[in-house]
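Visitor: Sending over target.csv (CSV, N, CA and C atoms and all ligand atoms).
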```
chain,number,residue,atom,x,y,z
A,1,MET,N,167.0,52.0,170.8
A,1,MET,CA,166.1,51.8,169.6
A,1,MET,C,165.5,53.2,169.1
A,2,GLU,N,165.5,53.3,167.9
A,2,GLU,CA,165.0,54.5,167.3
A,2,GLU,C,163.6,54.3,166.8
A,3,HIS,N,162.7,55.2,167.0
A,3,HIS,CA,161.4,55.1,166.4
A,3,HIS,C,161.3,56.2,165.3
A,4,SER,N,161.1,55.7,164.1
A,4,SER,CA,161.2,56.6,163.0
A,4,SER,C,160.0,57.6,163.0
A,5,ASP,N,158.9,57.3,163.7
A,5,ASP,CA,157.8,58.3,163.7
A,5,ASP,C,157.9,59.3,164.8
A,6,HIS,N,159.0,59.2,165.6
A,6,HIS,CA,159.1,60.1,166.7
A,6,HIS,C,160.5,60.6,166.9
A,7,ARG,N,161.0,61.3,165.9
A,7,ARG,CA,162.4,61.7,165.9
A,7,ARG,C,162.5,63.0,166.8
A,8,GLU,N,163.6,63.0,167.5
A,8,GLU,CA,163.8,64.2,168.4
A,8,GLU,C,164.0,65.5,167.6
A,9,GLY,N,163.3,66.5,168.1
A,9,GLY,CA,163.5,67.8,167.5
A,9,GLY,C,162.6,68.1,166.3
A,10,LEU,N,161.7,67.2,166.1
A,10,LEU,CA,160.7,67.3,165.0
A,10,LEU,C,159.3,67.2,165.5
A,11,ILE,N,158.4,67.9,164.8
A,11,ILE,CA,157.0,67.9,165.2
A,11,ILE,C,156.2,67.7,163.9
A,12,VAL,N,155.1,66.9,164.0
A,12,VAL,CA,154.2,66.6,162.9
A,12,VAL,C,152.9,67.3,163.1
A,13,GLY,N,152.5,68.0,162.0
A,13,GLY,CA,151.2,68.7,162.1
A,13,GLY,C,150.3,68.2,161.0
A,14,ASN,N,149.0,68.4,161.2
A,14,ASN,CA,148.0,67.9,160.2
A,14,ASN,C,147.0,69.0,159.8
A,15,CYS,N,146.4,68.9,158.7
A,15,CYS,CA,145.2,69.7,158.4
A,15,CYS,C,144.1,69.1,159.2
A,16,HIS,N,142.9,69.6,159.0
A,16,HIS,CA,141.8,69.1,159.9
A,16,HIS,C,141.4,67.7,159.6
A,17,CYS,N,141.3,67.3,158.3
A,17,CYS,CA,140.9,65.9,157.9
A,17,CYS,C,142.1,64.9,158.0
A,18,LYS,N,143.3,65.4,158.2
A,18,LYS,CA,144.5,64.6,158.3
A,18,LYS,C,144.9,63.9,157.0
A,19,ALA,N,144.4,64.4,155.9
A,19,ALA,CA,144.9,63.9,154.6
A,19,ALA,C,146.3,64.4,154.4
A,20,VAL,N,146.6,65.6,155.0
A,20,VAL,CA,147.9,66.2,154.8
A,20,VAL,C,148.7,66.2,156.1
A,21,ALA,N,150.0,65.8,156.1
A,21,ALA,CA,150.8,65.9,157.3
A,21,ALA,C,152.1,66.6,156.9
A,22,ILE,N,152.5,67.5,157.7
A,22,ILE,CA,153.8,68.2,157.5
A,22,ILE,C,154.7,68.0,158.8
A,23,GLU,N,156.0,68.1,158.6
A,23,GLU,CA,156.9,67.9,159.7
A,23,GLU,C,157.9,69.1,159.6
A,24,ILE,N,158.1,69.6,160.8
A,24,ILE,CA,159.1,70.8,160.9
A,24,ILE,C,160.0,70.5,162.2
A,25,PRO,N,161.1,71.2,162.2
A,25,PRO,CA,161.9,71.2,163.4
A,25,PRO,C,161.2,71.9,164.6
A,26,PHE,N,161.4,71.3,165.7
A,26,PHE,CA,160.7,71.9,166.9
A,26,PHE,C,161.5,71.6,168.2
A,27,ASN,N,161.9,72.6,168.9
A,27,ASN,CA,162.7,72.4,170.1
A,27,ASN,C,162.0,73.1,171.2
A,28,GLY,N,160.7,73.0,171.4
A,28,GLY,CA,160.0,73.5,172.5
A,28,GLY,C,159.2,74.8,172.2
A,29,SER,N,159.6,75.5,171.1
A,29,SER,CA,158.8,76.7,170.8
A,29,SER,C,158.8,77.0,169.3
A,30,PHE,N,157.8,77.6,168.8
A,30,PHE,CA,157.8,78.0,167.4
A,30,PHE,C,158.6,79.3,167.2
A,31,LEU,N,159.2,79.4,166.1
A,31,LEU,CA,160.1,80.6,165.8
A,31,LEU,C,159.5,81.7,165.0
A,32,ASN,N,159.8,82.9,165.4
A,32,ASN,CA,159.4,84.1,164.6
A,32,ASN,C,157.9,84.1,164.3
A,33,LEU,N,157.1,84.0,165.4
A,33,LEU,CA,155.6,84.0,165.2
A,33,LEU,C,155.2,85.4,164.7
A,34,ARG,N,154.2,85.4,163.8
A,34,ARG,CA,153.6,86.6,163.3
A,34,ARG,C,152.3,86.4,162.7
A,35,LYS,N,151.6,87.5,162.6
A,35,LYS,CA,150.4,87.5,161.8
A,35,LYS,C,150.6,88.5,160.7
A,36,CYS,N,149.8,88.6,159.7
A,36,CYS,CA,150.0,89.5,158.6
A,36,CYS,C,148.6,90.2,158.3
A,37,ASP,N,148.6,91.5,158.0
A,37,ASP,CA,147.4,92.2,157.8
A,37,ASP,C,147.1,92.5,156.3
A,38,CYS,N,147.8,91.8,155.4
A,38,CYS,CA,147.5,92.0,154.0
A,38,CYS,C,146.0,91.5,153.7
A,39,SER,N,145.6,91.8,152.5
A,39,SER,CA,144.2,91.5,152.1
A,39,SER,C,143.9,90.0,152.2
A,40,PHE,N,144.9,89.2,151.9
A,40,PHE,CA,144.7,87.8,152.0
A,40,PHE,C,144.8,87.3,153.4
A,41,CYS,N,145.9,87.6,154.1
A,41,CYS,CA,146.1,87.0,155.4
A,41,CYS,C,145.1,87.5,156.4
A,42,SER,N,144.6,88.7,156.2
A,42,SER,CA,143.6,89.1,157.2
A,42,SER,C,142.3,88.3,157.1
A,43,LYS,N,142.0,87.8,155.9
A,43,LYS,CA,140.8,86.9,155.8
A,43,LYS,C,141.2,85.5,156.3
A,44,ARG,N,142.4,85.1,156.1
A,44,ARG,CA,142.8,83.7,156.5
A,44,ARG,C,142.9,83.6,158.0
A,45,TRP,N,143.5,84.7,158.6
A,45,TRP,CA,143.5,84.8,160.1
A,45,TRP,C,144.3,83.7,160.8
A,46,ALA,N,145.5,83.5,160.4
A,46,ALA,CA,146.3,82.5,161.0
A,46,ALA,C,147.6,83.0,161.6
A,47,VAL,N,148.0,82.4,162.7
A,47,VAL,CA,149.3,82.7,163.3
A,47,VAL,C,150.3,81.8,162.7
A,48,VAL,N,151.4,82.4,162.2
A,48,VAL,CA,152.4,81.5,161.5
A,48,VAL,C,153.7,81.6,162.1
A,49,ALA,N,154.4,80.5,162.1
A,49,ALA,CA,155.8,80.4,162.5
A,49,ALA,C,156.7,80.3,161.2
A,50,SER,N,158.0,80.5,161.4
A,50,SER,CA,158.9,80.5,160.3
A,50,SER,C,159.7,79.2,160.3
A,51,VAL,N,159.9,78.7,159.1
A,51,VAL,CA,160.7,77.4,158.9
A,51,VAL,C,161.5,77.6,157.6
A,52,PRO,N,162.8,77.3,157.7
A,52,PRO,CA,163.6,77.3,156.4
A,52,PRO,C,163.0,76.3,155.4
A,53,ILE,N,163.0,76.7,154.2
A,53,ILE,CA,162.4,75.9,153.1
A,53,ILE,C,162.8,74.4,153.2
A,54,GLU,N,164.1,74.2,153.4
A,54,GLU,CA,164.6,72.8,153.3
A,54,GLU,C,164.2,72.0,154.5
A,55,LYS,N,163.7,72.7,155.6
A,55,LYS,CA,163.4,72.0,156.8
A,55,LYS,C,162.0,71.5,157.0
A,56,LEU,N,161.1,72.0,156.1
A,56,LEU,CA,159.7,71.5,156.1
A,56,LEU,C,159.5,70.4,155.2
A,57,LYS,N,158.9,69.3,155.6
A,57,LYS,CA,158.6,68.1,154.8
A,57,LYS,C,157.2,67.9,154.8
A,58,VAL,N,156.6,67.7,153.6
A,58,VAL,CA,155.2,67.2,153.5
A,58,VAL,C,155.3,65.7,153.5
A,59,ILE,N,155.0,65.1,154.7
A,59,ILE,CA,155.2,63.7,154.8
A,59,ILE,C,154.0,62.8,154.5
A,60,LYS,N,152.9,63.5,154.2
A,60,LYS,CA,151.7,62.7,153.8
A,60,LYS,C,150.8,63.7,153.0
A,61,GLY,N,150.2,63.1,151.9
A,61,GLY,CA,149.1,63.8,151.2
A,61,GLY,C,149.5,65.0,150.4
A,62,GLU,N,150.7,65.0,149.9
A,62,GLU,CA,151.1,66.2,149.0
A,62,GLU,C,150.2,66.4,147.9
A,63,ASP,N,149.6,65.3,147.3
A,63,ASP,CA,148.7,65.4,146.2
A,63,ASP,C,147.4,66.1,146.6
A,64,ASN,N,147.1,66.1,147.9
A,64,ASN,CA,145.9,66.8,148.4
A,64,ASN,C,146.0,68.3,148.6
A,65,LEU,N,147.2,68.8,148.5
A,65,LEU,CA,147.5,70.2,148.7
A,65,LEU,C,147.1,71.0,147.4
A,66,THR,N,146.4,72.1,147.6
A,66,THR,CA,146.0,73.0,146.6
A,66,THR,C,146.9,74.3,146.7
A,67,LEU,N,147.4,74.8,145.6
A,67,LEU,CA,148.2,76.0,145.6
A,67,LEU,C,147.4,77.2,145.2
A,68,TYR,N,147.5,78.2,146.1
A,68,TYR,CA,146.8,79.5,145.8
A,68,TYR,C,147.8,80.6,145.6
A,69,GLN,N,147.7,81.3,144.5
A,69,GLN,CA,148.6,82.5,144.3
A,69,GLN,C,147.8,83.7,143.8
A,70,TRP,N,148.3,84.9,144.2
A,70,TRP,CA,147.5,86.1,143.8
A,70,TRP,C,148.5,87.2,143.6
A,71,ASN,N,148.1,88.3,143.2
A,71,ASN,CA,148.9,89.5,143.0
A,71,ASN,C,150.2,89.2,142.2
A,72,THR,N,151.4,89.3,142.9
A,72,THR,CA,152.6,89.1,142.1
A,72,THR,C,152.9,87.6,141.9
A,73,LYS,N,152.1,86.7,142.6
A,73,LYS,CA,152.2,85.3,142.4
A,73,LYS,C,153.6,84.8,142.8
A,74,VAL,N,154.2,85.5,143.7
A,74,VAL,CA,155.5,85.0,144.3
A,74,VAL,C,155.3,84.0,145.4
A,75,ALA,N,154.4,84.5,146.4
A,75,ALA,CA,154.1,83.6,147.5
A,75,ALA,C,153.3,82.4,147.0
A,76,LYS,N,153.5,81.3,147.7
A,76,LYS,CA,152.7,80.1,147.3
A,76,LYS,C,152.0,79.6,148.6
A,77,HIS,N,150.7,79.7,148.6
A,77,HIS,CA,149.9,79.4,149.7
A,77,HIS,C,149.3,78.0,149.5
A,78,TYR,N,149.5,77.1,150.5
A,78,TYR,CA,149.1,75.7,150.3
A,78,TYR,C,147.9,75.4,151.3
A,79,PHE,N,146.9,74.7,150.7
A,79,PHE,CA,145.7,74.4,151.5
A,79,PHE,C,145.4,72.9,151.3
A,80,CYS,N,144.8,72.3,152.2
A,80,CYS,CA,144.2,70.9,151.9
A,80,CYS,C,143.0,71.1,151.0
A,81,SER,N,143.0,70.3,150.0
A,81,SER,CA,141.9,70.5,149.0
A,81,SER,C,140.6,69.8,149.5
A,82,ILE,N,140.7,69.0,150.6
A,82,ILE,CA,139.6,68.3,151.1
A,82,ILE,C,138.9,69.1,152.2
A,83,CYS,N,139.7,69.5,153.2
A,83,CYS,CA,139.1,70.2,154.4
A,83,CYS,C,139.3,71.7,154.3
A,84,GLY,N,140.2,72.2,153.4
A,84,GLY,CA,140.3,73.6,153.3
A,84,GLY,C,141.3,74.3,154.2
A,85,ILE,N,141.9,73.5,155.1
A,85,ILE,CA,142.8,74.1,156.0
A,85,ILE,C,144.2,74.5,155.4
A,86,TYR,N,144.6,75.7,155.7
A,86,TYR,CA,145.9,76.2,155.3
A,86,TYR,C,147.0,75.6,156.2
A,87,THR,N,148.0,75.0,155.5
A,87,THR,CA,149.1,74.4,156.3
A,87,THR,C,150.3,75.2,156.3
A,88,HIS,N,150.7,75.7,155.1
A,88,HIS,CA,152.0,76.5,155.0
A,88,HIS,C,152.0,77.3,153.7
A,89,HIS,N,152.9,78.2,153.7
A,89,HIS,CA,153.1,79.0,152.4
A,89,HIS,C,154.6,79.4,152.3
A,90,GLN,N,155.0,79.4,151.0
A,90,GLN,CA,156.4,79.9,150.7
A,90,GLN,C,156.3,81.4,150.7
A,91,ARG,N,157.1,82.1,151.5
A,91,ARG,CA,157.0,83.5,151.7
A,91,ARG,C,157.4,84.3,150.5
A,92,ARG,N,156.7,85.5,150.3
A,92,ARG,CA,157.1,86.4,149.3
A,92,ARG,C,158.3,87.3,149.8
A,93,SER,N,158.2,87.6,151.1
A,93,SER,CA,159.2,88.5,151.7
A,93,SER,C,160.5,87.8,151.8
A,94,ASN,N,160.5,86.4,152.0
A,94,ASN,CA,161.7,85.6,152.0
A,94,ASN,C,161.4,84.2,151.4
A,95,PRO,N,161.6,84.1,150.1
A,95,PRO,CA,161.3,82.8,149.5
A,95,PRO,C,162.1,81.6,150.0
A,96,ASN,N,163.1,81.9,150.8
A,96,ASN,CA,163.8,80.8,151.5
A,96,ASN,C,163.1,80.2,152.7
A,97,GLU,N,162.0,80.8,153.1
A,97,GLU,CA,161.2,80.4,154.3
A,97,GLU,C,159.8,80.0,153.9
A,98,TYR,N,159.3,79.1,154.7
A,98,TYR,CA,157.9,78.8,154.8
A,98,TYR,C,157.3,79.5,156.0
A,99,GLY,N,156.1,80.0,155.8
A,99,GLY,CA,155.3,80.4,157.0
A,99,GLY,C,154.4,79.1,157.2
A,100,VAL,N,154.3,78.8,158.5
A,100,VAL,CA,153.6,77.5,158.8
A,100,VAL,C,152.5,77.8,159.8
A,101,ASN,N,151.3,77.3,159.6
A,101,ASN,CA,150.1,77.5,160.4
A,101,ASN,C,150.3,76.7,161.7
A,102,ILE,N,150.6,77.4,162.8
A,102,ILE,CA,150.9,76.7,164.1
A,102,ILE,C,149.7,75.9,164.6
A,103,ALA,N,148.5,76.3,164.2
A,103,ALA,CA,147.3,75.6,164.7
A,103,ALA,C,147.2,74.2,164.1
A,104,CYS,N,148.0,73.8,163.2
A,104,CYS,CA,148.0,72.5,162.6
A,104,CYS,C,148.7,71.5,163.6
A,105,PHE,N,149.4,72.0,164.6
A,105,PHE,CA,150.3,71.1,165.4
A,105,PHE,C,149.6,70.8,166.7
A,106,PRO,N,149.9,69.6,167.2
A,106,PRO,CA,149.2,69.1,168.4
A,106,PRO,C,149.5,70.0,169.6
A,107,ASN,N,148.5,70.1,170.5
A,107,ASN,CA,148.6,70.8,171.8
A,107,ASN,C,148.8,72.3,171.6
A,108,VAL,N,148.4,72.9,170.5
A,108,VAL,CA,148.5,74.3,170.4
A,108,VAL,C,147.1,74.9,170.7
A,109,ASP,N,147.1,75.7,171.8
A,109,ASP,CA,145.9,76.4,172.2
A,109,ASP,C,146.0,77.8,171.6
A,110,VAL,N,145.1,78.0,170.6
A,110,VAL,CA,145.2,79.3,169.8
A,110,VAL,C,145.0,80.5,170.7
A,111,ARG,N,144.3,80.3,171.9
A,111,ARG,CA,144.1,81.4,172.8
A,111,ARG,C,145.4,82.0,173.4
A,112,ASN,N,146.5,81.2,173.3
A,112,ASN,CA,147.7,81.6,173.9
A,112,ASN,C,148.5,82.5,172.9
A,113,TYR,N,147.9,82.7,171.7
A,113,TYR,CA,148.7,83.4,170.7
A,113,TYR,C,148.0,84.7,170.2
A,114,ILE,N,147.1,85.2,171.0
A,114,ILE,CA,146.4,86.4,170.7
A,114,ILE,C,147.3,87.6,170.5
A,115,ASP,N,148.4,87.7,171.3
A,115,ASP,CA,149.2,88.9,171.2
A,115,ASP,C,150.3,88.8,170.2
A,116,VAL,N,150.3,87.8,169.4
A,116,VAL,CA,151.4,87.8,168.3
A,116,VAL,C,151.3,89.0,167.4
A,117,PRO,N,152.4,89.7,167.2
A,117,PRO,CA,152.4,90.9,166.4
A,117,PRO,C,152.1,90.7,165.0
A,118,TYR,N,151.6,91.8,164.4
A,118,TYR,CA,151.3,91.8,162.9
A,118,TYR,C,152.5,92.4,162.2
A,119,VAL,N,152.8,91.8,161.0
A,119,VAL,CA,153.7,92.5,160.1
A,119,VAL,C,152.9,93.3,159.2
A,120,ASP,N,153.5,94.3,158.6
A,120,ASP,CA,152.7,95.3,157.8
A,120,ASP,C,152.6,94.8,156.3
A,121,GLY,N,151.7,93.8,156.1
A,121,GLY,CA,151.5,93.3,154.8
A,121,GLY,C,150.8,94.2,153.8
A,122,GLN,N,150.1,95.2,154.4
A,122,GLN,CA,149.5,96.2,153.5
A,122,GLN,C,150.5,97.1,152.7
A,123,ASN,N,151.6,97.2,153.4
A,123,ASN,CA,152.7,98.0,152.7
A,123,ASN,C,153.9,97.0,152.6
A,124,HIS,N,153.7,96.1,151.7
A,124,HIS,CA,154.7,94.9,151.6
A,124,HIS,C,156.1,95.5,151.2
A,125,PRO,N,157.2,95.0,151.8
A,125,PRO,CA,158.5,95.5,151.4
A,125,PRO,C,158.8,95.2,149.9
A,126,ARG,N,158.1,94.2,149.3
A,126,ARG,CA,158.4,93.9,147.9
A,126,ARG,C,157.5,94.8,147.0
A,127,ASP,N,156.7,95.6,147.5
A,127,ASP,CA,155.9,96.5,146.7
A,127,ASP,C,156.6,97.8,146.5
A,128,ASN,N,157.7,98.1,147.2
A,128,ASN,CA,158.4,99.4,147.1
A,128,ASN,C,159.4,99.4,145.9
B,201,ZN,ZN,142.5,68.2,155.1
```
In structure tokens, write the structure found in this file.
Ligand SMILES: [Zn+2]

Guide:
Amino acid sequence: MEHSDHREGLIVGNCHCKAVAIEIPFNGSFLNLRKCDCSFCSKRWAVVASVPIEKLKVIKGEDNLTLYQWNTKVAKHYFCSICGIYTHHQRRSNPNEYGVNIACFPNVDVRNYIDVPYVDGQNHPRDN
């Protein structure tokens, strides 16, 4: 028997108020973890994993997502309009990828991700 809400290799994450739910592939670990030190991400202060655009699904509450864009307006940063939590963003460095807020997923202890490396967002490759 298959349970449609618990498919193998997928994980569901939520914003804080649970109005928004996203689903990504997951096989035991998040891929390509990073932080960014650009003016925006350093205020947001999130550890993000990488997911190919076509692999992330907003499975609940798409209408509750707010889009924030700044500077070149290439990256698309999505937040829950109710609780303010950042869920994911379409990357400027690679528009075929989403960065995903790993803290939205169950059983993530943020203390385990203190040593995740920073990418140099202050000297963004697309600014050269
Ligand atoms: Zn929310």

Visitor: What is the atom C of Lys55 of chain A to atom C of Val110 of chain A distance in Å?

Guide: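 Atom-to-atom, atom C of Lys55 of chain A to atom C of Val110 of chain A, that is 23.6 Å.
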
Visitor: With only C-alpha atoms and all ligand atoms counted, collect every polymer residue having an atom within 12 Å of ligand ZN 201 (chain B); state the result as a PyMOL selection string.

Guide: chain A and resi 13-22+60-66+78-87+104

Visitor: Atom CA of His89 of chain A and atom CA of Asp37 of chain A, how far apart in Å?

Guide: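 Taking atom CA of Asp37 of chain A and atom CA of His89 of chain A, their separation equals 15.4 Å.
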
Visitor: From a backbone DSSP assignment, name each residue in chain A labelled strand (DSSP E or B), as a VMD selection string.

Guide: chain A and resid 10 to 14 21 to 25 34 to 36 48 to 52 57 to 60 65 to 68 76 to 80 86 to 90 97 to 101 118 to 119

Visitor: With 8 Å on each side, where is the centre of the axis-aligned box around all listed atoms of segment 69-75 of chain A, and how long are its edges in Å to one decimal, as JSON?

Guide:
```
{"center_x": 151.5, "center_y": 85.4, "center_z": 144.7, "size_x": 24.0, "size_y": 24.2, "size_z": 21.6}
```
